[in-house]
>>> print(open('data_37.txt').read())   # compact mmCIF, C-alpha atoms
# COMPACT_ATOMS: atom_id res chain seq x y z
CA MET D 30 0.00 0.00 0.00
CA ILE D 31 2.81 2.42 0.90
CA LEU D 32 4.63 1.54 -2.33
CA SER D 33 1.44 2.17 -4.32
CA PHE D 34 1.08 5.55 -2.61
CA LYS D 35 4.67 6.52 -3.47
CA MET D 36 4.18 5.44 -7.08
CA ALA D 37 0.96 7.46 -7.26
CA LEU D 38 2.75 10.58 -6.04
CA ARG D 39 5.58 9.96 -8.54
CA SER D 40 3.12 9.59 -11.39
CA ILE D 41 1.20 12.75 -10.42
CA SER D 42 4.38 14.81 -10.06
CA ALA D 43 5.50 13.68 -13.52
CA GLY D 44 2.54 15.52 -15.05
CA LYS D 45 1.93 18.46 -12.75
CA MET D 46 -0.10 20.55 -15.18
CA ARG D 47 -2.34 17.66 -16.17
CA ALA D 48 -2.83 16.72 -12.51
CA ALA D 49 -3.70 20.34 -11.60
CA LEU D 50 -6.29 20.59 -14.38
CA THR D 51 -7.72 17.21 -13.37
CA MET D 52 -8.04 18.29 -9.74
CA LEU D 53 -9.69 21.58 -10.73
CA GLY D 54 -13.16 20.02 -10.86
CA ILE D 55 -12.72 18.54 -7.39
CA ILE D 56 -11.35 21.82 -6.01
CA ILE D 57 -14.30 23.82 -7.36
CA GLY D 58 -16.79 21.22 -6.11
CA VAL D 59 -15.34 21.19 -2.61
CA MET D 60 -15.23 24.99 -2.48
CA ALA D 61 -18.86 25.22 -3.61
CA LEU D 62 -19.99 22.67 -1.03
CA VAL D 63 -18.01 23.99 1.93
CA VAL D 64 -18.45 27.72 1.27
CA LEU D 65 -22.16 27.64 0.47
CA VAL D 66 -23.13 25.46 3.42
CA SER D 67 -20.84 27.37 5.82
CA LEU D 68 -22.36 30.68 4.68
CA VAL D 69 -25.87 29.38 5.26
CA ASN D 70 -24.95 28.00 8.69
CA GLY D 71 -23.18 31.23 9.66
CA ALA D 72 -26.13 33.39 8.62
CA THR D 73 -28.54 31.05 10.42
CA SER D 74 -26.48 31.19 13.60
CA SER D 75 -26.39 34.99 13.51
CA VAL D 76 -30.14 35.32 12.93
CA THR D 77 -30.89 32.73 15.63
CA ASP D 78 -28.76 34.68 18.10
CA LYS D 79 -30.68 37.84 17.24
CA VAL D 80 -34.01 36.08 17.74
CA SER D 81 -32.81 34.62 21.04
CA ALA D 82 -31.75 38.08 22.19
CA LEU D 83 -35.25 39.35 21.47
CA GLY D 84 -36.58 36.99 24.09
CA SER D 85 -36.38 33.28 23.52
CA SER D 86 -37.56 32.56 27.08
CA MET D 87 -40.92 34.27 26.82
CA VAL D 88 -44.40 33.55 25.51
CA THR D 89 -46.51 36.19 23.77
CA ALA D 90 -50.27 35.96 24.41
CA ASN D 91 -52.91 37.78 22.35
CA ILE D 92 -56.59 37.70 23.32
CA SER D 93 -59.16 38.25 20.55
CA ASP D 94 -62.33 37.36 22.49
CA ASP D 95 -62.45 37.56 26.28
CA LYS D 96 -65.85 35.82 26.46
CA GLY D 97 -67.07 38.48 28.88
CA SER D 98 -64.32 37.55 31.33
CA PRO D 99 -61.46 39.96 30.59
CA VAL D 100 -57.94 39.30 31.83
CA THR D 101 -56.88 42.00 34.30
CA LEU D 102 -53.78 42.81 36.30
CA ASP D 103 -55.24 40.83 39.20
CA THR D 104 -55.67 37.86 36.87
CA LEU D 105 -52.03 38.00 35.82
CA ASN D 106 -50.90 38.33 39.44
CA GLY D 107 -52.89 35.22 40.29
CA TRP D 108 -51.44 33.24 37.40
CA MET D 109 -47.91 34.19 38.44
CA GLU D 110 -48.38 32.01 41.53
CA GLU D 111 -48.28 28.94 39.29
CA PRO D 112 -44.87 27.23 39.57
CA GLU D 113 -44.66 26.66 35.80
CA LEU D 114 -44.90 30.40 35.11
CA GLY D 115 -42.43 33.18 35.78
CA THR D 116 -43.27 36.85 35.35
CA LEU D 117 -46.34 38.03 33.41
CA ALA D 118 -46.48 41.57 32.08
CA PRO D 119 -49.16 43.30 29.96
CA LEU D 120 -48.50 45.67 27.09
CA ALA D 121 -51.16 48.11 25.90
CA THR D 122 -50.55 50.73 23.22
CA SER D 123 -51.87 54.20 22.51
CA ILE D 124 -50.87 57.32 20.61
CA ALA D 125 -50.39 60.63 22.41
CA THR D 126 -48.95 64.07 21.80
CA GLY D 127 -45.93 64.82 23.97
CA ARG D 128 -44.88 68.37 24.83
CA SER D 129 -42.03 69.96 26.70
CA GLY D 130 -41.37 73.67 26.59
CA GLY D 131 -42.06 74.76 23.05
CA GLU D 132 -41.42 71.37 21.49
CA SER D 133 -44.01 68.72 20.65
CA ALA D 134 -43.89 65.24 19.11
CA SER D 135 -46.14 62.29 18.41
CA PHE D 136 -45.56 59.50 20.92
CA THR D 137 -46.27 55.81 20.96
CA VAL D 138 -47.21 55.17 24.58
CA TYR D 139 -46.95 51.67 26.05
CA GLY D 140 -48.69 50.77 29.28
CA THR D 141 -47.09 47.95 31.23
CA THR D 142 -45.90 46.85 34.66
CA ALA D 143 -42.67 46.44 36.59
CA GLY D 144 -42.33 42.83 35.43
CA TYR D 145 -41.92 43.89 31.79
CA TYR D 146 -38.34 44.91 32.64
CA ASP D 147 -37.31 41.32 33.40
CA VAL D 148 -39.42 39.66 30.72
CA GLN D 149 -37.91 41.77 27.93
CA ASN D 150 -34.45 42.09 29.48
CA ILE D 151 -34.55 45.88 29.16
CA GLN D 152 -31.38 47.95 29.32
CA LEU D 153 -31.53 51.46 30.79
CA PHE D 154 -29.28 54.34 29.82
CA MET D 155 -30.03 56.10 33.09
CA GLY D 156 -32.66 56.34 35.81
CA ARG D 157 -34.97 53.49 36.78
CA TRP D 158 -37.77 51.37 35.39
CA LEU D 159 -41.39 51.40 36.52
CA LYS D 160 -42.01 50.01 40.01
CA GLU D 161 -44.96 48.22 41.60
CA PRO D 162 -46.00 51.31 43.64
CA ASP D 163 -46.19 53.24 40.33
CA ILE D 164 -48.69 50.68 39.06
CA GLU D 165 -50.72 50.50 42.27
CA ASN D 166 -50.88 54.30 42.70
CA HIS D 167 -51.59 55.07 39.02
CA SER D 168 -48.49 57.29 39.10
CA TYR D 169 -47.82 59.65 36.22
CA VAL D 170 -44.24 58.62 35.60
CA CYS D 171 -42.65 57.55 32.32
CA VAL D 172 -39.57 55.98 30.80
CA LEU D 173 -38.53 57.45 27.44
CA ASN D 174 -36.30 56.11 24.70
CA GLU D 175 -33.23 58.15 23.77
CA ASN D 176 -34.80 59.39 20.54
CA ALA D 177 -37.79 60.85 22.42
CA ALA D 178 -35.53 62.60 24.94
CA GLN D 179 -33.41 64.15 22.19
CA GLU D 180 -36.34 65.26 20.07
CA LEU D 181 -38.55 66.66 22.84
CA ILE D 182 -36.05 67.96 25.39
CA GLY D 183 -32.83 68.20 23.40
CA TYR D 184 -30.64 65.95 25.55
CA THR D 185 -30.79 62.53 27.19
CA ASP D 186 -29.71 63.50 30.71
CA CYS D 187 -33.26 64.51 31.59
CA VAL D 188 -34.32 62.21 34.44
CA GLY D 189 -36.54 64.25 36.77
CA ARG D 190 -37.79 66.56 34.02
CA SER D 191 -41.50 66.75 33.25
CA ILE D 192 -43.33 66.38 29.97
CA THR D 193 -47.00 66.22 29.10
CA LEU D 194 -48.73 63.41 27.27
CA ASN D 195 -52.12 64.53 25.96
CA ASN D 196 -51.79 67.51 28.33
CA VAL D 197 -51.29 65.28 31.38
CA PRO D 198 -47.96 65.94 33.17
CA PHE D 199 -45.58 62.99 33.55
CA THR D 200 -42.25 62.85 35.35
CA ILE D 201 -39.36 61.18 33.50
CA VAL D 202 -37.85 58.50 35.75
CA GLY D 203 -35.69 56.64 33.22
CA ILE D 204 -34.16 56.63 29.73
CA LEU D 205 -33.89 53.45 27.67
CA ALA D 206 -30.54 52.48 26.20
CA ASP D 207 -30.42 51.99 22.45
CA ASP D 208 -29.80 48.25 22.15
CA GLU D 209 -30.23 46.79 18.67
CA ASP D 210 -30.66 43.30 20.13
CA SER D 211 -33.60 44.17 22.38
CA LEU D 212 -37.28 44.02 21.52
CA THR D 213 -37.90 47.41 23.14
CA SER D 214 -35.39 49.07 20.80
CA LEU D 215 -36.98 47.22 17.89
CA PHE D 216 -40.31 48.83 18.85
CA SER D 217 -38.85 52.27 19.41
CA SER D 218 -36.28 52.58 16.62
CA GLY D 219 -36.61 55.98 14.94
CA SER D 220 -39.73 57.00 16.89
CA CYS D 221 -40.68 58.64 20.18
CA VAL D 222 -41.69 56.08 22.77
CA ALA D 223 -42.84 56.35 26.36
CA TYR D 224 -43.48 53.52 28.80
CA ILE D 225 -45.94 54.35 31.59
CA PRO D 226 -47.83 52.28 34.19
CA HIS D 227 -50.64 50.25 32.66
CA THR D 228 -53.10 51.70 35.15
CA SER D 229 -52.08 55.24 34.13
CA LEU D 230 -52.55 54.47 30.43
CA VAL D 231 -56.10 53.28 31.14
CA ARG D 232 -56.83 56.74 32.55
CA LEU D 233 -54.89 58.58 29.86
CA SER D 234 -56.40 56.91 26.79
CA ASP D 235 -60.02 56.35 25.81
CA THR D 236 -59.01 53.37 23.65
CA VAL D 237 -57.34 51.35 26.40
CA SER D 238 -59.44 49.47 28.95
CA ALA D 239 -58.57 47.57 32.09
CA GLY D 240 -59.05 44.35 30.12
CA ILE D 241 -55.69 43.13 28.89
CA THR D 242 -55.46 41.87 25.30
CA THR D 243 -51.70 41.40 25.01
CA PHE D 244 -49.22 40.21 27.60
CA TYR D 245 -45.88 38.42 27.90
CA ALA D 246 -44.95 35.50 30.10
CA SER D 247 -41.47 34.31 31.02
CA ALA D 248 -40.37 30.87 32.15
CA PRO D 249 -39.48 30.55 35.84
CA GLU D 250 -35.94 29.90 36.99
CA GLY D 251 -35.14 26.30 36.17
CA GLY D 252 -38.20 25.99 33.94
CA THR D 253 -38.62 26.00 30.17
CA VAL D 254 -40.58 28.23 27.84
CA ASP D 255 -42.47 25.17 26.53
CA GLN D 256 -43.68 24.31 30.03
CA ALA D 257 -44.74 27.93 30.58
CA LYS D 258 -46.61 27.93 27.29
CA GLU D 259 -48.44 24.69 28.11
CA LYS D 260 -49.50 25.98 31.54
CA LEU D 261 -50.61 29.32 30.14
CA GLU D 262 -52.66 27.57 27.47
CA GLU D 263 -54.32 25.46 30.16
CA LEU D 264 -55.22 28.53 32.25
CA MET D 265 -56.59 30.47 29.29
CA LEU D 266 -58.68 27.55 28.06
CA GLN D 267 -60.24 27.35 31.52
CA ARG D 268 -61.00 31.06 31.48
CA PHE D 269 -62.38 31.21 27.94
CA ASP D 270 -64.67 28.13 28.05
CA GLU D 271 -62.20 25.81 26.27
CA ASP D 272 -62.31 28.02 23.15
CA ASP D 273 -58.79 28.01 21.70
CA ASP D 274 -59.88 30.51 19.02
CA ALA D 275 -60.31 33.18 21.68
CA PHE D 276 -56.55 33.58 22.09
CA SER D 277 -53.20 32.78 20.55
CA LEU D 278 -49.86 31.93 22.09
CA SER D 279 -46.48 32.16 20.42
CA SER D 280 -42.85 32.00 21.41
CA SER D 281 -39.61 32.73 19.61
CA SER D 282 -38.61 29.08 20.09
CA ILE D 283 -41.20 28.23 17.42
CA LEU D 284 -39.63 30.81 15.12
CA GLU D 285 -36.17 29.40 15.82
CA GLU D 286 -37.38 25.87 15.09
CA THR D 287 -39.01 26.98 11.84
CA MET D 288 -35.89 28.85 10.79
CA SER D 289 -33.77 25.82 11.63
CA ASN D 290 -35.96 23.58 9.46
CA VAL D 291 -35.89 26.03 6.55
CA THR D 292 -32.13 26.53 6.68
CA SER D 293 -31.54 22.78 7.02
CA VAL D 294 -33.48 22.22 3.81
CA LEU D 295 -31.57 25.09 2.19
CA SER D 296 -28.23 23.62 3.29
CA ILE D 297 -29.16 20.22 1.88
CA LEU D 298 -30.34 21.80 -1.38
CA LEU D 299 -27.19 23.88 -1.82
CA GLY D 300 -25.01 20.96 -0.73
CA GLY D 301 -26.74 18.73 -3.30
CA ILE D 302 -26.16 21.26 -6.06
CA ALA D 303 -22.50 21.61 -5.07
CA ALA D 304 -22.16 17.83 -4.96
CA PHE D 305 -22.86 17.70 -8.69
CA SER D 306 -19.65 19.69 -9.20
CA LEU D 307 -17.77 16.98 -7.34
CA ILE D 308 -19.35 14.30 -9.52
CA VAL D 309 -18.29 16.23 -12.62
CA GLY D 310 -14.80 16.41 -11.14
CA GLY D 311 -14.92 12.64 -10.58
CA ILE D 312 -15.80 12.10 -14.24
CA GLY D 313 -12.75 14.19 -15.15
CA ILE D 314 -10.57 12.01 -12.95
CA MET D 315 -11.92 8.82 -14.52
CA ASN D 316 -11.24 10.27 -17.96
CA ILE D 317 -7.64 11.18 -17.19
CA MET D 318 -7.05 7.83 -15.50
CA LEU D 319 -8.24 6.03 -18.65
CA VAL D 320 -5.72 8.08 -20.64
CA THR D 321 -3.04 7.22 -18.06
CA VAL D 322 -3.79 3.51 -18.32
CA THR D 323 -3.52 3.71 -22.11
CA GLU D 324 -0.21 5.61 -21.91
CA ARG D 325 1.26 3.14 -19.42
CA THR D 326 0.09 -0.05 -21.10
CA ARG D 327 3.68 -1.24 -21.72
CA GLU D 328 4.58 -0.54 -18.07
CA ILE D 329 1.61 -2.67 -17.00
CA GLY D 330 2.74 -5.48 -19.30
CA ILE D 331 6.29 -5.41 -17.92
CA ARG D 332 5.09 -5.41 -14.30
CA LYS D 333 2.75 -8.32 -14.94
CA ALA D 334 5.48 -10.20 -16.80
CA ILE D 335 7.77 -10.03 -13.79
CA GLY D 336 5.08 -11.20 -11.38
CA ALA D 337 2.79 -8.28 -10.44
CA THR D 338 -0.66 -9.63 -9.56
CA ARG D 339 -3.97 -8.21 -10.70
CA GLY D 340 -4.58 -6.84 -7.19
CA VAL D 341 -1.27 -4.96 -7.18
CA ILE D 342 -2.01 -3.27 -10.52
CA LEU D 343 -5.57 -2.42 -9.46
CA THR D 344 -4.33 -0.95 -6.16
CA GLN D 345 -1.69 1.14 -7.94
CA PHE D 346 -4.10 2.90 -10.30
CA LEU D 347 -6.92 3.11 -7.76
CA MET D 348 -4.52 4.74 -5.31
CA GLU D 349 -3.53 7.29 -7.93
CA ALA D 350 -7.18 8.25 -8.52
CA VAL D 351 -7.85 8.54 -4.77
CA VAL D 352 -4.70 10.62 -4.19
CA LEU D 353 -5.74 13.00 -6.99
CA CYS D 354 -9.16 13.40 -5.37
CA MET D 355 -7.81 13.92 -1.86
CA MET D 356 -5.22 16.47 -3.01
CA GLY D 357 -7.99 18.39 -4.76
CA CYS D 358 -10.11 18.09 -1.63
CA GLY D 359 -7.32 19.47 0.55
CA LEU D 360 -6.75 22.44 -1.74
CA GLY D 361 -10.49 23.07 -1.95
CA ILE D 362 -10.84 23.12 1.84
CA PHE D 363 -7.89 25.50 2.21
CA LEU D 364 -9.30 27.89 -0.41
CA SER D 365 -12.74 27.66 1.26
CA TRP D 366 -11.19 28.69 4.57
CA ALA D 367 -9.47 31.63 2.87
CA ILE D 368 -12.73 32.75 1.23
CA LEU D 369 -14.70 32.50 4.48
CA GLN D 370 -12.04 34.49 6.34
CA THR D 371 -12.19 37.19 3.67
CA VAL D 372 -15.99 37.32 3.72
CA SER D 373 -16.02 37.48 7.53
CA THR D 374 -13.62 40.42 7.45
CA VAL D 375 -15.76 42.25 4.90
CA VAL D 376 -19.07 41.75 6.78
CA ALA D 377 -17.66 42.09 10.30
CA SER D 378 -19.30 45.52 10.62
CA VAL D 379 -22.78 43.98 10.50
CA GLY D 380 -21.99 41.36 13.13
CA LEU D 381 -21.79 38.32 10.85
CA ARG D 382 -19.09 35.71 11.29
CA PHE D 383 -18.50 32.76 8.98
CA THR D 384 -16.34 29.82 10.00
CA LEU D 385 -15.39 26.54 8.42
CA ASP D 386 -18.08 24.01 9.33
CA GLY D 387 -16.34 20.87 10.61
CA GLY D 388 -19.25 18.63 9.65
CA VAL D 389 -19.24 19.87 6.06
CA VAL D 390 -15.45 19.43 5.85
CA LEU D 391 -15.79 15.82 7.02
CA ILE D 392 -18.56 15.19 4.47
CA SER D 393 -16.36 16.69 1.74
CA VAL D 394 -13.42 14.46 2.67
CA VAL D 395 -15.55 11.29 2.74
CA PHE D 396 -17.35 12.23 -0.48
CA CYS D 397 -14.09 12.94 -2.29
CA PHE D 398 -12.64 9.64 -1.12
CA LEU D 399 -15.70 7.80 -2.43
CA ILE D 400 -15.51 9.67 -5.74
CA GLY D 401 -11.85 8.65 -6.07
CA VAL D 402 -12.74 5.01 -5.41
CA ILE D 403 -15.87 4.93 -7.59
CA PHE D 404 -14.50 6.80 -10.60
CA GLY D 405 -11.03 5.28 -10.29
CA LEU D 406 -12.27 1.71 -10.06
CA TYR D 407 -13.11 1.25 -13.75
CA PRO D 408 -9.73 2.50 -15.13
CA ALA D 409 -7.86 0.55 -12.42
CA ASN D 410 -9.82 -2.62 -13.19
CA LYS D 411 -9.19 -2.12 -16.89
CA ALA D 412 -5.45 -1.95 -16.21
CA ALA D 413 -5.54 -4.96 -13.88
CA ARG D 414 -7.33 -7.16 -16.44
CA MET D 415 -4.80 -6.58 -19.22
CA LYS D 416 -2.98 -9.66 -20.43
CA PRO D 417 0.81 -9.28 -20.27
CA ILE D 418 1.37 -10.33 -23.88
CA ASP D 419 -1.24 -7.86 -25.20
CA ALA D 420 0.15 -5.06 -23.06
CA LEU D 421 3.71 -5.66 -24.23
CA HIS D 422 2.60 -5.91 -27.83
CA TYR D 423 0.72 -2.61 -27.53
CA GLY D 424 3.83 -0.88 -26.22
CA GLY D 425 6.06 -2.30 -28.94
>>> encode(input="data_37.txt", output="structure tokens")
Amino acid sequence: MILSFKMALRSISAGKMRAALTMLGIIIGVMALVVLVSLVNGATSSVTDKVSALGSSMVTANISDDKGSPVTLDTLNGWMEEPELGTLAPLATSIATGRSGGESASFTVYGTTAGYYDVQNIQLFMGRWLKEPDIENHSYVCVLNENAAQELIGYTDCVGRSITLNNVPFTIVGILADDEDSLTSLFSSGSCVAYIPHTSLVRLSDTVSAGITTFYASAPEGGTVDQAKEKLEELMLQRFDEDDDAFSLSSSSILEETMSNVTSVLSILLGGIAAFSLIVGGIGIMNIMLVTVTERTREIGIRKAIGATRGVILTQFLMEAVVLCMMGCGLGIFLSWAILQTVSTVVASVGLRFTLDGGVVLISVVFCFLIGVIFGLYPANKAARMKPIDALHYGG
């Protein structure tokens, strides 16, 4: 086997240009397979991380028909005593006109509770978030996003200042930090947003009632979002007369699972397309090996005449085909790594990172080995079956 390997290397080195052109199909096929699948996996990982950062451990509940039994803050407080549930926080929305001094702006006002801070993993630039006494006392306090503070007041260091929302004075107690990975920043990007106690929004807006139509639920410590979702579904079915059309529950884990399924199919599809390039490369290797067998017919005759068995000849030419494939595979993997490093450097500013996928590399190596064996077997067998007298006659 070692001797066959050395002879294969000697034969390949004797025709470097021909070997390079033969390996080109394998190199391109491996690059297509590794780069495409690694790009898909890298993009999927980045998007999944973003989705997870938006709140993978929470359930979103929307109520379309309360059946005359609306969910209230007291209802949510009661449900939070269930061990399968963590924090529950409502979110109601209204539009208001905000004013400060001579400036005015249109605001999106969200009414919620203290628990919303933990459920959404909110980051504050300064000040504090809403507290339970603010909810219980219907306090007129608010938390603004940075854009609202800049547009209405002119600077973000404005905790303690007062603004009016629909002519009702509110005290600013906190400023949200601009965090691209948070759901609150996703809501507030480019607009003026104020978070106030849910009880205060009920008083402020004619369109918001004490009945809650949207709320978020987190999993408890040590629990899972799936368990929280199942328990919440059970509680809401009991409240709404077993009518599952009266509400809907969703979680980002479902989105992550769907994305994973889609990208898995995409990876298989792209990998299958790239695999055709490897098959074409294998056909090229079989073609060049047939030419090699023809060129070395006299050598085969001489080796058989001095005692080389059919197995030895078959191993020699099969080894040469496999070595060609594996050299092309190695070069393809190296070039794939170089391409992925270059792409990662170019797109680093948008937070994407592409790395060589070990699983795809292993598949490429195994696939190339099989291509070398499959497409090298016919030429090698053709050489092994030659009769010594015919081979010597052909060379003479």
>>> closest_residue(input="data_37.txt", among="D:Gly71, D:Pro99, D:Gly405, D:Gly300", to="Met315 (chain D)", atoms="all atoms listed in the file")
D:Gly405
>>> residues_around(input="data_37.txt", residues="Ser191 (chain D)", least_positions_apart="3", cutoff="12 Å", atoms="only C-alpha atoms", output="PDB file with C-alpha atoms, in the coordinates of the input")
ATOM      1  CA  GLY D 127     -45.930  64.820  23.970  1.00  0.00           C
ATOM      2  CA  ARG D 128     -44.880  68.370  24.830  1.00  0.00           C
ATOM      3  CA  SER D 129     -42.030  69.960  26.700  1.00  0.00           C
ATOM      4  CA  GLY D 130     -41.370  73.670  26.590  1.00  0.00           C
ATOM      5  CA  TYR D 169     -47.820  59.650  36.220  1.00  0.00           C
ATOM      6  CA  VAL D 170     -44.240  58.620  35.600  1.00  0.00           C
ATOM      7  CA  CYS D 171     -42.650  57.550  32.320  1.00  0.00           C
ATOM      8  CA  VAL D 172     -39.570  55.980  30.800  1.00  0.00           C
ATOM      9  CA  LEU D 173     -38.530  57.450  27.440  1.00  0.00           C
ATOM     10  CA  ALA D 178     -35.530  62.600  24.940  1.00  0.00           C
ATOM     11  CA  LEU D 181     -38.550  66.660  22.840  1.00  0.00           C
ATOM     12  CA  ILE D 182     -36.050  67.960  25.390  1.00  0.00           C
ATOM     13  CA  CYS D 187     -33.260  64.510  31.590  1.00  0.00           C
ATOM     14  CA  VAL D 188     -34.320  62.210  34.440  1.00  0.00           C
ATOM     15  CA  LEU D 194     -48.730  63.410  27.270  1.00  0.00           C
ATOM     16  CA  ASN D 196     -51.790  67.510  28.330  1.00  0.00           C
ATOM     17  CA  VAL D 197     -51.290  65.280  31.380  1.00  0.00           C
ATOM     18  CA  PRO D 198     -47.960  65.940  33.170  1.00  0.00           C
ATOM     19  CA  PHE D 199     -45.580  62.990  33.550  1.00  0.00           C
ATOM     20  CA  THR D 200     -42.250  62.850  35.350  1.00  0.00           C
ATOM     21  CA  ILE D 201     -39.360  61.180  33.500  1.00  0.00           C
ATOM     22  CA  VAL D 202     -37.850  58.500  35.750  1.00  0.00           C
ATOM     23  CA  GLY D 203     -35.690  56.640  33.220  1.00  0.00           C
TER      24      GLY D 203
END
>>> residues_around(input="data_37.txt", residues="region 256-258 of chain D", least_positions_apart="5", cutoff="7 Å", atoms="all atoms listed in the file", output="list in words")
Val88, Glu113, Leu114 and Ala248 of chain D
>>> atom_distance(input="data_37.txt", atom1="CA of Ser280 (chain D)", atom2="CA of Glu259 (chain D)")
11.4 Å
>>> residues_near_point(input="data_37.txt", point="(-2.2, 4.8, -5.0)", cutoff="12 Å", atoms="only C-alpha atoms", output="PyMOL selection string")
chain D and resi 30-41+318+341-355+401-402+405-406+409
>>> residues_near_point(input="data_37.txt", point="(3.1, -4.0, -17.3)", cutoff="10 Å", atoms="all atoms listed in the file", output="PDB file with C-alpha atoms, in the frame of the given file")
ATOM      1  CA  ARG D 325       1.260   3.140 -19.420  1.00  0.00           C
ATOM      2  CA  THR D 326       0.090  -0.050 -21.100  1.00  0.00           C
ATOM      3  CA  ARG D 327       3.680  -1.240 -21.720  1.00  0.00           C
ATOM      4  CA  GLU D 328       4.580  -0.540 -18.070  1.00  0.00           C
ATOM      5  CA  ILE D 329       1.610  -2.670 -17.000  1.00  0.00           C
ATOM      6  CA  GLY D 330       2.740  -5.480 -19.300  1.00  0.00           C
ATOM      7  CA  ILE D 331       6.290  -5.410 -17.920  1.00  0.00           C
ATOM      8  CA  ARG D 332       5.090  -5.410 -14.300  1.00  0.00           C
ATOM      9  CA  LYS D 333       2.750  -8.320 -14.940  1.00  0.00           C
ATOM     10  CA  ALA D 334       5.480 -10.200 -16.800  1.00  0.00           C
ATOM     11  CA  ILE D 335       7.770 -10.030 -13.790  1.00  0.00           C
ATOM     12  CA  GLY D 336       5.080 -11.200 -11.380  1.00  0.00           C
ATOM     13  CA  ALA D 337       2.790  -8.280 -10.440  1.00  0.00           C
ATOM     14  CA  ILE D 342      -2.010  -3.270 -10.520  1.00  0.00           C
ATOM     15  CA  ALA D 412      -5.450  -1.950 -16.210  1.00  0.00           C
ATOM     16  CA  ALA D 413      -5.540  -4.960 -13.880  1.00  0.00           C
ATOM     17  CA  MET D 415      -4.800  -6.580 -19.220  1.00  0.00           C
ATOM     18  CA  LYS D 416      -2.980  -9.660 -20.430  1.00  0.00           C
ATOM     19  CA  PRO D 417       0.810  -9.280 -20.270  1.00  0.00           C
ATOM     20  CA  ILE D 418       1.370 -10.330 -23.880  1.00  0.00           C
ATOM     21  CA  ASP D 419      -1.240  -7.860 -25.200  1.00  0.00           C
ATOM     22  CA  ALA D 420       0.150  -5.060 -23.060  1.00  0.00           C
ATOM     23  CA  LEU D 421       3.710  -5.660 -24.230  1.00  0.00           C
ATOM     24  CA  GLY D 424       3.830  -0.880 -26.220  1.00  0.00           C
TER      25      GLY D 424
END
>>> closest_residue(input="data_37.txt", among="D:Phe383, D:Tyr184, D:Phe404, D:Tyr245", to="Leu65 (chain D)", atoms="all atoms listed in the file")
D:Phe383
>>> closest_residue(input="data_37.txt", among="D:Val59, D:Trp108, D:Gln149, D:Val294", to="Glu263 (chain D)", atoms="all atoms listed in the file")
D:Trp108
